[in-house]
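What follows is the content of model_30.cif (mmCIF, C-alpha atoms).
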data_final
#
loop_
_atom_site.label_atom_id
_atom_site.label_comp_id
_atom_site.auth_asym_id
_atom_site.auth_seq_id
_atom_site.Cartn_x
_atom_site.Cartn_y
_atom_site.Cartn_z
CA MET U 667 52.02 60.55 101.63
CA ASP U 668 49.24 59.81 99.18
CA ASN U 669 48.34 62.12 96.32
CA LYS U 670 44.91 62.91 97.76
CA LYS U 671 46.45 64.33 100.95
CA ILE U 672 48.97 66.30 98.90
CA ALA U 673 46.12 67.75 96.82
CA GLU U 674 44.24 68.71 100.01
CA PHE U 675 47.38 70.41 101.34
CA ILE U 676 47.81 72.39 98.11
CA GLY U 677 44.15 73.40 98.18
CA LYS U 678 44.61 75.11 101.55
CA GLN U 679 47.52 77.32 100.47
CA LYS U 680 46.94 80.93 99.47
CA VAL U 681 50.19 81.44 97.52
CA ALA U 682 52.04 79.44 94.89
CA PHE U 683 55.56 79.98 93.63
CA ILE U 684 56.06 79.41 89.92
CA CYS U 685 59.45 78.89 88.34
CA SER U 686 60.49 79.54 84.75
CA ILE U 687 63.84 79.36 82.95
CA ASP U 688 65.30 82.57 81.54
CA GLU U 689 67.21 83.00 78.27
CA ASP U 690 70.51 82.35 80.08
CA GLY U 691 69.26 79.02 81.50
CA PHE U 692 68.76 80.27 85.06
CA PRO U 693 65.62 79.62 87.11
CA ASN U 694 63.34 82.58 87.91
CA VAL U 695 60.83 82.29 90.76
CA LYS U 696 57.73 84.38 91.30
CA ALA U 697 55.04 84.31 94.00
CA MET U 698 51.50 84.14 92.61
CA LEU U 699 48.05 83.95 94.09
CA LYS U 700 46.89 80.36 94.40
CA PRO U 701 45.76 78.69 91.17
CA ARG U 702 42.31 79.64 89.89
CA LYS U 703 41.51 76.06 89.04
CA VAL U 704 43.15 72.74 89.90
CA GLU U 705 42.42 69.40 88.26
CA ASP U 706 43.57 66.61 90.58
CA LEU U 707 47.31 67.03 91.05
CA LYS U 708 47.79 67.23 87.32
CA GLN U 709 46.78 70.66 85.99
CA PHE U 710 46.88 74.09 87.60
CA TYR U 711 45.52 77.29 86.03
CA PHE U 712 46.89 80.77 86.81
CA SER U 713 46.01 84.17 85.34
CA THR U 714 48.72 86.60 84.24
CA ASN U 715 49.59 89.38 81.83
CA THR U 716 50.38 88.36 78.25
CA SER U 717 53.08 91.05 78.20
CA SER U 718 54.87 89.66 81.28
CA MET U 719 58.45 88.43 81.32
CA ARG U 720 57.25 85.06 82.62
CA VAL U 721 55.01 84.48 79.56
CA LYS U 722 57.95 85.13 77.24
CA GLN U 723 60.07 82.67 79.22
CA TYR U 724 57.42 79.91 79.12
CA LEU U 725 56.91 80.40 75.39
CA ASN U 726 60.67 79.98 74.94
CA ASN U 727 61.05 77.05 77.37
CA PRO U 728 57.98 75.32 78.86
CA ASN U 729 59.94 73.48 81.60
CA ALA U 730 58.60 74.71 84.91
CA CYS U 731 57.88 73.91 88.52
CA ILE U 732 55.42 75.19 91.08
CA TYR U 733 55.87 75.14 94.84
CA PHE U 734 53.45 75.36 97.76
CA TYR U 735 54.39 75.56 101.41
CA HIS U 736 53.05 76.08 104.90
CA LYS U 737 55.15 77.21 107.84
CA GLY U 738 53.58 76.41 111.17
CA LEU U 739 55.00 77.14 114.61
CA ILE U 740 57.09 73.99 114.56
CA LYS U 741 56.34 72.15 111.34
CA TYR U 742 57.28 73.16 107.78
CA THR U 743 55.57 71.42 104.86
CA GLY U 744 56.30 71.91 101.17
CA VAL U 745 55.30 70.41 97.83
CA MET U 746 57.19 70.95 94.58
CA LEU U 747 55.69 69.86 91.28
CA LYS U 748 57.76 69.62 88.09
CA GLY U 749 56.23 69.75 84.64
CA LYS U 750 55.39 71.97 81.68
CA MET U 751 53.73 75.40 81.52
CA GLU U 752 51.55 76.43 78.59
CA VAL U 753 50.43 79.95 77.74
CA LEU U 754 46.75 79.87 76.72
CA THR U 755 44.91 82.74 75.07
CA ASN U 756 41.72 81.09 73.83
CA GLN U 757 38.61 82.83 75.09
CA GLU U 758 36.91 79.73 76.51
CA ILE U 759 39.81 79.09 78.91
CA LYS U 760 40.07 82.78 79.81
CA ASP U 761 36.33 82.84 80.60
CA MET U 762 36.67 79.69 82.73
CA ILE U 763 39.02 81.25 85.30
CA TRP U 764 37.93 84.91 85.07
CA ARG U 765 36.82 86.55 88.32
CA LYS U 766 34.79 89.70 88.81
CA GLY U 767 37.61 91.71 90.42
CA ASP U 768 40.12 90.89 87.67
CA THR U 769 39.44 94.22 85.96
CA ILE U 770 41.89 95.67 88.49
CA PHE U 771 44.66 93.83 86.63
CA TYR U 772 43.15 93.62 83.14
CA LYS U 773 41.43 96.92 82.32
CA GLY U 774 39.93 95.56 79.09
CA GLY U 775 38.05 92.85 80.96
CA VAL U 776 37.98 89.18 80.08
CA THR U 777 38.76 89.95 76.41
CA ASP U 778 41.78 92.14 77.25
CA PRO U 779 44.64 91.05 74.96
CA ASP U 780 47.01 91.48 77.94
CA TYR U 781 45.12 88.77 79.88
CA CYS U 782 46.12 85.13 79.42
CA VAL U 783 46.11 81.85 81.31
CA LEU U 784 49.06 79.76 82.40
CA ARG U 785 48.28 76.04 82.54
CA PHE U 786 50.83 73.96 84.41
CA THR U 787 50.77 70.19 83.80
CA ALA U 788 52.61 68.26 86.50
CA GLU U 789 54.76 65.24 85.70
CA SER U 790 56.31 64.48 89.09
CA GLY U 791 56.59 65.92 92.57
CA ARG U 792 58.50 66.07 95.83
CA TYR U 793 56.91 66.32 99.26
CA TYR U 794 58.70 67.62 102.38
CA CYS U 795 57.54 67.45 106.00
CA ASP U 796 59.20 66.89 109.38
CA LEU U 797 62.74 66.65 107.95
CA LYS U 798 61.65 63.93 105.49
CA THR U 799 61.33 64.12 101.73
CA GLU U 800 59.47 61.86 99.36
CA ASN U 801 59.36 61.83 95.58
CA PHE U 802 56.05 60.90 94.00
CA SER U 803 54.71 60.41 90.52
CA ILE U 804 51.63 62.01 89.09
CA GLU U 805 49.46 59.46 87.40
CA TRP U 806 46.44 60.77 85.62
CA TYR U 807 45.03 58.09 83.49
CA GLU U 808 41.31 57.89 83.47
CA CYS U 809 38.63 57.24 80.96
CA ASN U 810 35.61 59.49 81.17
CA TRP U 811 32.78 58.23 79.03
CA PHE U 812 29.18 59.05 78.41
CA ILE U 813 26.40 57.97 76.11
CA ASP U 814 24.63 60.53 73.97
CA ASN U 815 21.05 59.27 74.17
CA ASN U 816 20.00 61.29 71.14
CA GLU U 817 22.54 59.65 68.86
CA SER U 818 23.10 56.32 70.69
CA GLU U 819 26.86 56.82 70.53
CA ILE U 820 29.45 56.31 73.23
CA TYR U 821 32.02 59.08 73.64
CA MET U 822 35.27 58.44 75.46
CA ASN U 823 37.92 60.81 76.69
CA TYR U 824 41.22 59.17 77.66
CA ILE U 825 44.03 60.70 79.62
CA ILE U 826 47.08 58.48 79.52
CA ARG U 827 50.13 58.70 81.77
CA LYS U 828 53.73 58.31 80.67
CA LEU U 829 55.02 54.77 80.27
CA ARG U 830 57.21 53.58 83.15
CA GLN U 831 60.58 52.04 82.35
CA GLU U 832 59.61 48.67 83.86
CA GLU U 833 56.55 48.54 81.58
CA VAL U 834 58.51 48.80 78.32
CA LYS U 835 59.20 45.02 78.17
CA ILE U 836 55.51 44.22 78.75
CA LEU U 837 54.45 46.61 76.00
CA ASP U 838 57.13 45.24 73.69
CA THR U 839 55.79 41.69 74.14
CA PHE U 840 52.18 42.82 73.75
CA LEU U 841 52.86 44.71 70.54
CA TYR U 842 54.82 41.79 69.08
CA GLU U 843 51.98 39.38 69.83
CA ALA U 844 49.30 41.80 68.61
CA ILE U 845 51.03 42.56 65.33
CA PHE U 846 53.16 39.55 64.33
CA ILE U 847 51.46 36.43 65.68
CA PRO U 848 48.60 35.32 63.42
CA GLU U 849 45.21 34.56 64.92
CA GLY U 850 44.92 30.93 66.11
CA VAL U 851 48.67 30.48 66.64
CA GLU U 852 49.88 30.21 70.20
#

Any chance you could give the structure as structure tokens?
Amino acid sequence: MDNKKIAEFIGKQKVAFICSIDEDGFPNVKAMLKPRKVEDLKQFYFSTNTSSMRVKQYLNNPNACIYFYHKGLIKYTGVMLKGKMEVLTNQEIKDMIWRKGDTIFYKGGVTDPDYCVLRFTAESGRYYCDLKTENFSIEWYECNWFIDNNESEIYMNYIIRKLRQEEVKILDTFLYEAIFIPEGVE
């Protein structure tokens, strides 16, 4: 299963299950409305109450997972993503995912101190369908760049994935050659 199809599957689901770790080290699972915003398969944004038990748990231990599933008449499909959950309270992020009807949950509106955003950043995943499971990695390394015509400068924004174990030797050789071998010596 490729990551694009997994992302399309997630996009069709109406509910997500989020998992946190409590103070005794046990997992706690909660059903949530689908994420307000999704960036590739990497980041997922949820709204919640700052005063909630879940927020306290994520502040104490950011290890988390989220799960999406669909149960058809015959076929069951599920995707679990493992990663880290952040609790965000900056106004720009809160504004980004705010919806008109949210005043039902947050009486003070978008600036309500009891309104915050959970941002989940996935590191790996597991896909299940038709009695088969498949682990997959989440790679999110891209370079977005643009030129500011007014200042003639190039701006770059890198997102770099974790280094794979098999790449350590290559990096080790590269760094040695880049740092210790003088120019002109082969």

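Counting only C-alpha atoms, the residue from U:Leu747, U:Met719, U:Val753, U:Cys782 that sits nearest to Glu800 in chain U is U:Leu747.
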
Enumerate, as a list in words, the residues matched when the PyMOL selection byres ((chain U and resi 675) around 9) is run on the file above.
Lys670, Lys671, Ile672, Ala673, Glu674, Ile676, Gly677, Lys678, Gln679, Phe734, Tyr735, His736, Thr743 and Val745 of chain U

Selection dump of the PyMOL selection byres ((chain U and resi 684) around 6), as a CSV table (one decimal) with C-alpha atoms, in the frame of the given file:
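Produced file expr.csv, reproduced below:
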chain,number,residue,atom,x,y,z
U,683,PHE,CA,55.6,80.0,93.6
U,685,CYS,CA,59.4,78.9,88.3
U,695,VAL,CA,60.8,82.3,90.8
U,696,LYS,CA,57.7,84.4,91.3
U,731,CYS,CA,57.9,73.9,88.5
U,732,ILE,CA,55.4,75.2,91.1

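Minimum atom-to-atom distance to Asn801 in chain U, evaluated using only C-alpha atoms, belongs to U:Asn669 out of U:Asn694, U:Asn669, U:Thr787, U:Asn727.
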
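If you look at CA of Met698 in chain U and CA of Lys798 in chain U, they are 26.0 Å away from each other.
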
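Between CA of Lys680 in chain U and CA of Arg792 in chain U lies a distance of 19.2 Å.
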
Grab the CA of Ser713 in chain U to CA of Tyr781 in chain U distance for me, in Å with one decimal place.
7.2 Å

Pull the closest atom pair for each residue of range 737-758 of chain U that gets at most 12 Å from range 702-712 of chain U, along with the distance in Å to one decimal, counting all atoms listed in the file, ordering rows by chain and then ascending residue number, as a tab-separated table.
residue	atom	partner	partner_atom	distance
U:Val745	CA	U:Leu707	CA	11.0
U:Met746	CA	U:Leu707	CA	11.2
U:Leu747	CA	U:Leu707	CA	8.8
U:Lys748	CA	U:Lys708	CA	10.3
U:Gly749	CA	U:Lys708	CA	9.2
U:Lys750	CA	U:Gln709	CA	9.7
U:Met751	CA	U:Phe710	CA	9.3
U:Glu752	CA	U:Tyr711	CA	9.6
U:Val753	CA	U:Phe712	CA	9.8
U:Leu754	CA	U:Tyr711	CA	9.7

Next, write the just-selected residues to a file, as a PDB file, keeping the file's coordinate frame, keeping C-alpha atoms as the atom set.
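Result file follows (selection_12.pdb):
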ATOM      1  CA  VAL U 745      55.300  70.410  97.830  1.00  0.00           C
ATOM      2  CA  MET U 746      57.190  70.950  94.580  1.00  0.00           C
ATOM      3  CA  LEU U 747      55.690  69.860  91.280  1.00  0.00           C
ATOM      4  CA  LYS U 748      57.760  69.620  88.090  1.00  0.00           C
ATOM      5  CA  GLY U 749      56.230  69.750  84.640  1.00  0.00           C
ATOM      6  CA  LYS U 750      55.390  71.970  81.680  1.00  0.00           C
ATOM      7  CA  MET U 751      53.730  75.400  81.520  1.00  0.00           C
ATOM      8  CA  GLU U 752      51.550  76.430  78.590  1.00  0.00           C
ATOM      9  CA  VAL U 753      50.430  79.950  77.740  1.00  0.00           C
ATOM     10  CA  LEU U 754      46.750  79.870  76.720  1.00  0.00           C
TER      11      LEU U 754
END

For a quick check of understanding, using all atoms listed in the file, which of U:Lys700, U:Arg785, U:Arg830, U:Lys773 has the smallest distance to Pro728 in chain U?
U:Arg785

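Distances from U:Asp668, U:Asp778, U:Asp688, U:Glu789 to Trp764 in chain U were compared using only C-alpha atoms, and the smallest one belongs to U:Asp778.
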